[in-house]
Every structure is written in structure tokens, then in C-alpha cells.
>>> print(open('protein31.txt').read())   # compact mmCIF, C-alpha atoms and all ligand atoms
# COMPACT_ATOMS: atom_id res chain seq x y z
CA MET A 1 47.89 94.50 21.33
CA GLU A 2 45.84 93.80 24.41
CA ILE A 3 43.46 96.79 24.33
CA LEU A 4 42.63 96.26 20.66
CA GLU A 5 41.97 92.55 21.20
CA ARG A 6 39.73 93.35 24.17
CA ARG A 7 37.80 95.89 22.10
CA ILE A 8 37.36 93.40 19.26
CA ARG A 9 36.06 90.80 21.74
CA GLU A 10 33.65 93.29 23.30
CA ASP A 11 32.37 95.11 20.21
CA GLY A 12 33.24 93.00 17.14
CA LYS A 13 30.56 91.04 15.27
CA VAL A 14 31.42 87.98 13.23
CA LEU A 15 29.62 87.54 9.92
CA PRO A 16 29.56 84.41 7.74
CA GLY A 17 32.38 84.29 5.19
CA GLY A 18 35.13 85.29 7.59
CA VAL A 19 34.10 88.92 7.88
CA LEU A 20 34.48 90.86 11.11
CA ILE A 21 32.42 93.99 11.72
CA VAL A 22 34.17 96.59 13.85
CA ASP A 23 32.33 99.66 12.65
CA SER A 24 31.56 100.91 16.16
CA PHE A 25 35.22 101.85 16.75
CA LEU A 26 37.43 101.22 13.71
CA ASN A 27 36.01 101.78 10.27
CA HIS A 28 32.81 103.78 10.55
CA GLN A 29 32.65 105.39 13.98
CA MET A 30 36.28 105.77 15.04
CA ASP A 31 37.86 105.71 18.51
CA ALA A 32 40.60 108.30 18.16
CA ALA A 33 42.16 107.53 21.57
CA LEU A 34 42.52 103.90 20.57
CA PHE A 35 43.93 104.96 17.18
CA LEU A 36 46.56 107.03 18.97
CA ASP A 37 47.66 104.02 21.02
CA MET A 38 47.79 101.95 17.84
CA ALA A 39 49.92 104.54 16.07
CA LYS A 40 52.31 104.58 19.04
CA GLU A 41 52.65 100.83 18.78
CA TRP A 42 53.57 101.07 15.07
CA TYR A 43 56.03 103.80 16.01
CA ARG A 44 57.64 101.51 18.62
CA VAL A 45 58.22 98.96 15.85
CA TYR A 46 59.26 101.24 12.97
CA HIS A 47 60.70 104.39 14.64
CA ASP A 48 64.30 103.62 13.59
CA LYS A 49 63.46 102.90 9.95
CA GLN A 50 63.54 106.52 8.70
CA VAL A 51 59.89 106.48 7.65
CA ASN A 52 59.15 109.72 5.80
CA GLN A 53 55.69 108.97 4.38
CA ILE A 54 52.59 107.00 5.37
CA LEU A 55 50.47 105.42 2.62
CA THR A 56 46.99 103.98 2.96
CA ILE A 57 43.89 103.37 0.86
CA GLU A 58 40.58 105.19 1.13
CA ALA A 59 38.44 105.17 3.09
CA SER A 60 38.92 103.03 6.18
CA GLY A 61 42.70 103.39 6.42
CA ILE A 62 42.69 107.17 6.47
CA GLY A 63 41.90 107.75 10.15
CA LEU A 64 44.56 105.28 11.31
CA ALA A 65 47.08 106.63 8.82
CA CYS A 66 46.56 110.22 9.96
CA MET A 67 47.24 109.25 13.54
CA ALA A 68 50.40 107.45 12.39
CA GLY A 69 51.43 110.53 10.38
CA GLN A 70 51.10 112.64 13.50
CA ILE A 71 53.27 110.27 15.57
CA PHE A 72 55.90 109.70 12.87
CA GLY A 73 55.87 113.39 11.93
CA CYS A 74 55.46 112.83 8.20
CA PRO A 75 52.87 113.31 5.46
CA VAL A 76 50.03 110.86 4.85
CA LEU A 77 49.06 109.85 1.33
CA PHE A 78 45.97 107.82 0.52
CA ALA A 79 45.37 105.87 -2.67
CA ARG A 80 42.15 106.86 -4.37
CA LYS A 81 39.68 104.36 -5.73
CA GLN A 82 38.77 106.79 -8.51
CA LYS A 83 40.95 108.96 -10.66
CA THR A 84 40.33 112.64 -10.17
CA ARG A 85 40.50 115.03 -13.11
CA ASN A 86 43.75 116.70 -12.00
CA MET A 87 45.50 113.29 -11.84
CA SER A 88 45.17 112.53 -15.56
CA GLY A 89 48.39 111.07 -17.00
CA GLU A 90 50.36 111.68 -13.82
CA TYR A 91 49.56 108.80 -11.54
CA PHE A 92 50.70 105.35 -10.49
CA THR A 93 47.99 102.72 -10.56
CA SER A 94 47.45 99.10 -9.58
CA GLU A 95 44.54 96.68 -9.39
CA VAL A 96 42.93 95.45 -6.19
CA LYS A 97 40.32 92.75 -5.75
CA SER A 98 37.95 93.89 -3.05
CA PHE A 99 37.62 91.45 -0.14
CA THR A 100 34.13 92.61 0.71
CA HIS A 101 32.65 93.00 -2.81
CA GLY A 102 34.76 90.56 -4.84
CA THR A 103 35.14 93.10 -7.65
CA VAL A 104 38.47 94.18 -9.15
CA SER A 105 39.13 97.89 -9.31
CA SER A 106 42.03 100.23 -9.86
CA ILE A 107 43.64 102.43 -7.24
CA TYR A 108 45.60 105.59 -7.97
CA VAL A 109 48.11 107.97 -6.43
CA SER A 110 49.46 111.09 -8.04
CA LYS A 111 53.11 110.94 -9.14
CA LYS A 112 53.48 114.34 -7.45
CA TYR A 113 53.48 112.70 -4.01
CA LEU A 114 55.39 109.44 -4.38
CA HIS A 115 59.13 109.80 -5.06
CA PRO A 116 62.15 107.48 -5.20
CA GLU A 117 63.61 108.93 -1.99
CA ASN A 118 60.49 108.11 0.00
CA ARG A 119 60.57 105.50 2.76
CA VAL A 120 56.97 104.43 3.06
CA LEU A 121 55.06 102.79 5.88
CA ILE A 122 51.78 101.33 4.62
CA ILE A 123 48.84 101.40 7.05
CA ASP A 124 45.49 99.63 6.69
CA ASP A 125 42.62 98.45 8.85
CA PHE A 126 42.45 94.79 7.78
CA LEU A 127 44.68 92.19 6.17
CA ALA A 128 42.70 89.30 4.67
CA ASN A 129 43.78 87.97 1.25
CA GLY A 130 46.43 90.65 0.88
CA ALA A 131 45.13 92.29 -2.29
CA ALA A 132 44.90 95.82 -0.86
CA LEU A 133 48.38 95.63 0.65
CA ASP A 134 49.80 94.11 -2.51
CA GLY A 135 48.29 96.93 -4.59
CA LEU A 136 49.73 99.57 -2.27
CA ILE A 137 53.18 97.94 -2.34
CA SER A 138 53.03 98.00 -6.14
CA LEU A 139 52.33 101.77 -6.15
CA VAL A 140 55.37 102.41 -3.93
CA GLU A 141 57.63 100.24 -6.06
CA GLN A 142 56.46 101.80 -9.34
CA ALA A 143 57.72 105.07 -7.89
CA GLY A 144 61.09 103.52 -7.03
CA ALA A 145 60.41 104.28 -3.37
CA ALA A 146 61.12 101.89 -0.47
CA VAL A 147 58.47 99.91 1.39
CA VAL A 148 59.65 100.03 4.99
CA GLY A 149 56.83 97.75 6.08
CA ALA A 150 53.14 97.61 6.84
CA GLY A 151 51.14 98.43 9.95
CA ILE A 152 47.85 96.58 10.03
CA ALA A 153 45.17 96.92 12.67
CA ILE A 154 43.56 93.47 12.30
CA GLU A 155 45.07 90.52 10.47
CA LYS A 156 42.95 87.42 9.95
CA THR A 157 45.66 84.76 9.84
CA PHE A 158 43.22 82.10 8.59
CA GLN A 159 43.15 84.03 5.32
CA PRO A 160 46.32 83.94 3.21
CA GLY A 161 47.39 87.60 2.83
CA GLY A 162 49.83 87.87 5.73
CA ASP A 163 51.75 84.73 4.76
CA LEU A 164 51.86 85.76 1.09
CA ILE A 165 53.19 89.26 1.76
CA ARG A 166 55.72 88.11 4.39
CA ALA A 167 56.94 85.39 2.01
CA LYS A 168 57.88 88.18 -0.39
CA GLY A 169 60.12 89.61 2.33
CA TYR A 170 58.02 92.51 3.62
CA HIS A 171 57.72 93.33 7.31
CA VAL A 172 54.05 93.23 8.32
CA GLU A 173 53.18 94.29 11.86
CA SER A 174 49.58 93.50 12.80
CA LEU A 175 48.28 94.72 16.14
CA ALA A 176 45.58 92.04 16.49
CA ARG A 177 45.98 88.66 14.81
CA ILE A 178 42.83 86.56 14.59
CA GLN A 179 43.40 82.86 14.19
CA SER A 180 39.77 81.81 13.86
CA MET A 181 36.23 83.11 14.02
CA GLY A 182 33.37 80.74 14.80
CA ASP A 183 29.79 80.70 13.50
CA ASP A 184 28.78 81.26 17.15
CA GLY A 185 30.56 84.63 17.05
CA SER A 186 33.63 83.43 18.95
CA ILE A 187 37.00 84.98 18.11
CA GLU A 188 40.36 83.32 18.80
CA PHE A 189 43.53 85.39 18.70
CA CYS A 190 46.96 83.98 17.84
P1 LIG B 201 42.48 92.07 1.49
O1 LIG B 201 42.78 92.98 0.34
O2 LIG B 201 43.67 91.79 2.37
O3 LIG B 201 41.78 90.80 1.07
O4 LIG B 201 41.41 92.81 2.40
C1 LIG B 201 41.74 94.03 3.00
C2 LIG B 201 40.68 95.06 2.78
O5 LIG B 201 39.38 94.48 2.77
C3 LIG B 201 40.72 96.05 3.91
O6 LIG B 201 41.16 97.29 3.38
C4 LIG B 201 39.30 96.12 4.42
O7 LIG B 201 38.69 97.30 3.97
C5 LIG B 201 38.57 94.96 3.82
N1 LIG B 201 38.36 93.84 4.77
C6 LIG B 201 38.98 92.63 4.73
N2 LIG B 201 38.50 91.83 5.68
C7 LIG B 201 37.58 92.54 6.36
C8 LIG B 201 36.72 92.23 7.48
O8 LIG B 201 36.71 91.14 8.07
N3 LIG B 201 35.90 93.24 7.90
C9 LIG B 201 35.88 94.46 7.31
N4 LIG B 201 35.05 95.37 7.82
N5 LIG B 201 36.66 94.78 6.23
C10 LIG B 201 37.50 93.83 5.77
>>> encode(input="protein31.txt", output="C-alpha cells")
Amino acid sequence: MEILERRIREDGKVLPGGVLIVDSFLNHQMDAALFLDMAKEWYRVYHDKQVNQILTIEASGIGLACMAGQIFGCPVLFARKQKTRNMSGEYFTSEVKSFTHGTVSSIYVSKKYLHPENRVLIIDDFLANGAALDGLISLVEQAGAAVVGAGIAIEKTFQPGGDLIRAKGYHVESLARIQSMGDDGSIEFC
């Protein structure tokens, strides 16, 4: 997606270890107009797939997912990284290894909001090693619901997540696909 790639080129900062900082417009300060265009692009791809729920993970996916929920006209559910008291006993859970911290932690959604008849589009900001997406897919499948596909803002194709998830047969639609990032700050798109 041209405008997202341009924005990444203009405002993204490359850190060592294959990390891209886009906190001026994507995952700290958020550009809502850009998010709306991104949600429309996911809608163009998935509009005929009877999506009736959006799922993401807190915190960075929530803004994007809300915009998608508005465009698809369906509720938005986010997986929590901590169990809340009113979830006790009544939740689906899976484990996710954090790309940024390297730690493994559990994510949770209440059973109240994920049902077998749901057709779920998963939204997230980044796809790197695929752990977050894999964990979200697991939550949907524990509920017996259908994973329609995933909408990702930025996929780093030099990290293995996209290939791993697609090899399992899931449709992953990434709006910007980064092939390489140099130590000099350069960014190459696919
Ligand atoms: P994965 O689970 O695919 O390894 O990583 C995805 C998650 O890690 C995303 O939800 C995102 O929060 C974080 N992440 C992965 N790569 C990057 C990156 O280059 N920059 C930032 N800011 N977050 C990232």
C-alpha cells in the first residue's frame, strides 16, 4: 500500500535487531486518517468473506482493529495480556513469545465473546516471527470459530512469521511488506 510505504520511508526508524520504530503514526501516536485507508484496504480484500468479528491483541492492534470494525460493521475483540478478575474460569488462553522483549506470556479472551459461529478477521500492527498471530489463531480455533484471515499493517518478510502462517493455509494480507532493513536505516519493500 503506497501511502503506508511512503509514511514508513519518511517517518520510520530502523533499530538494530530488525526492529522498526513507527511510533509517530502507528503504535504510539496514531494517524487515524491513515488507519481508515488501511481498514478500507482490508475491506477490499475480505469484504465477501462474511467477517462478523475483528480480533486483535492489546495494545498496538486496538486502534487499527477499531477502524476495521467500523468499516466491516462488526464488533472488535482484543486479547488481553492479563486476566481480569471477571474472566476467571471463562476464558480461552494461549502463549505468545514477545518479539520485542523475548519473554513468553499468556493472552486471554473471555469465552463470552468468541463463539463457534464467528468468522474472525485478525488484525495486528506487525508480523515478525508470527507468535502473536499464531496465539490469536489458537484462541479463535479453541472457540471452534473460523479464522477468515489476517490483516497486518507491516510484515517483515525477512523474519519467518508470514511464511510459517501461510504454510498452515491461512490468508495473510499485509499492507506493507519489508524485505530488508539496513544498518544505515535503509528500508527495502518487496
Ligand atoms: P511476532 O509475534 O510476529 O514475532 O511479532 C509481532 C508483535 O511484535 C507485534 O504485535 C508487535 O507489537 C511487535 N513487533 C514485531 N516487530 C516489531 C517491530 O519491528 N517494531 C515494533 N514497534 N513492534 C514490533
>>> residues_near_ligand(input="protein31.txt", ligand="ligand LIG 201 (chain B)", cutoff="6 Å", atoms="all atoms listed in the file", output="list of chain:residue names")
A:Val19, A:Leu20, A:Ile21, A:Ser98, A:Phe99, A:Thr100, A:Asp124, A:Asp125, A:Phe126, A:Leu127, A:Ala128, A:Asn129, A:Gly130, A:Ala131, A:Ala132, A:Gly161
>>> closest_residue(input="protein31.txt", among="A:Arg6, A:Ala150, A:Met67, A:Glu155", to="A:Val120", atoms="only C-alpha atoms")
A:Ala150
>>> atom_distance(input="protein31.txt", atom1="atom CA of A:Ala68", atom2="atom CA of A:Arg9")
23.9 Å
>>> closest_residue(input="protein31.txt", among="A:Lys49, A:Lys40, A:Lys13, A:Arg166", to="A:Gly69", atoms="only C-alpha atoms")
A:Lys40
>>> atom_distance(input="protein31.txt", atom1="atom CA of A:Tyr113", atom2="atom CA of A:Leu136")
13.8 Å
>>> residues_around(input="protein31.txt", residues="A:Tyr43", least_positions_apart="2", cutoff="8 Å", atoms="all atoms listed in the file", output="ChimeraX atom specification")
/A:39-41,45-47,68,71-72
>>> residues_around(input="protein31.txt", residues="A:Ser94", least_positions_apart="4", cutoff="7 Å", atoms="only C-alpha atoms", output="ChimeraX atom specification")
/A:106-108,135,138-139
>>> atom_distance(input="protein31.txt", atom1="atom CA of A:Ile187", atom2="atom CA of A:Phe158")
11.7 Å
>>> closest_residue(input="protein31.txt", among="A:Thr157, A:Asn118, A:Ser186, A:Ser174", to="A:Leu55", atoms="all atoms listed in the file")
A:Asn118
>>> closest_residue(input="protein31.txt", among="A:Gly12, A:Gly17, A:Gly61, A:Gly169", to="A:Ala153", atoms="only C-alpha atoms")
A:Gly61
>>> closest_residue(input="protein31.txt", among="A:Ser24, A:Gln142, A:Ser180, A:Thr103", to="A:Pro116", atoms="only C-alpha atoms")
A:Gln142
>>> axis_aligned_box(input="protein31.txt", around="stretch 112-125 of chain A", padding_each_side="8 Å", output="lines of an AutoDock Vina configuration file")
center_x = 53.1
center_y = 106.4
center_z = 0.7
size_x = 37.0
size_y = 31.9
size_z = 32.3
>>> residues_around(input="protein31.txt", residues="A:Arg7", least_positions_apart="5", cutoff="10 Å", atoms="only C-alpha atoms", output="short mmCIF file (atom, residue, chain, number, x, y, z; two decimals) with C-alpha atoms, in the coordinates of the input")
data_model
loop_
_atom_site.label_atom_id
_atom_site.label_comp_id
_atom_site.auth_asym_id
_atom_site.auth_seq_id
_atom_site.Cartn_x
_atom_site.Cartn_y
_atom_site.Cartn_z
CA GLU A 2 45.84 93.80 24.41
CA GLY A 12 33.24 93.00 17.14
CA VAL A 22 34.17 96.59 13.85
CA SER A 24 31.56 100.91 16.16
CA PHE A 25 35.22 101.85 16.75
CA LEU A 26 37.43 101.22 13.71
CA LEU A 34 42.52 103.90 20.57
#
>>> closest_residue(input="protein31.txt", among="A:Ile165, A:Met1, A:Cys74, A:Leu114", to="A:Gly149", atoms="all atoms listed in the file")
A:Ile165
>>> residues_around(input="protein31.txt", residues="A:Ile62", least_positions_apart="6", cutoff="9 Å", atoms="all atoms listed in the file", output="JSON, numbers by chain")
{"A": [55, 56, 76, 77, 78, 123, 124]}
>>> residues_around(input="protein31.txt", residues="A:Leu15", least_positions_apart="5", cutoff="10 Å", atoms="all atoms listed in the file", output="PyMOL selection string")
chain A and resi 20-21+181-185
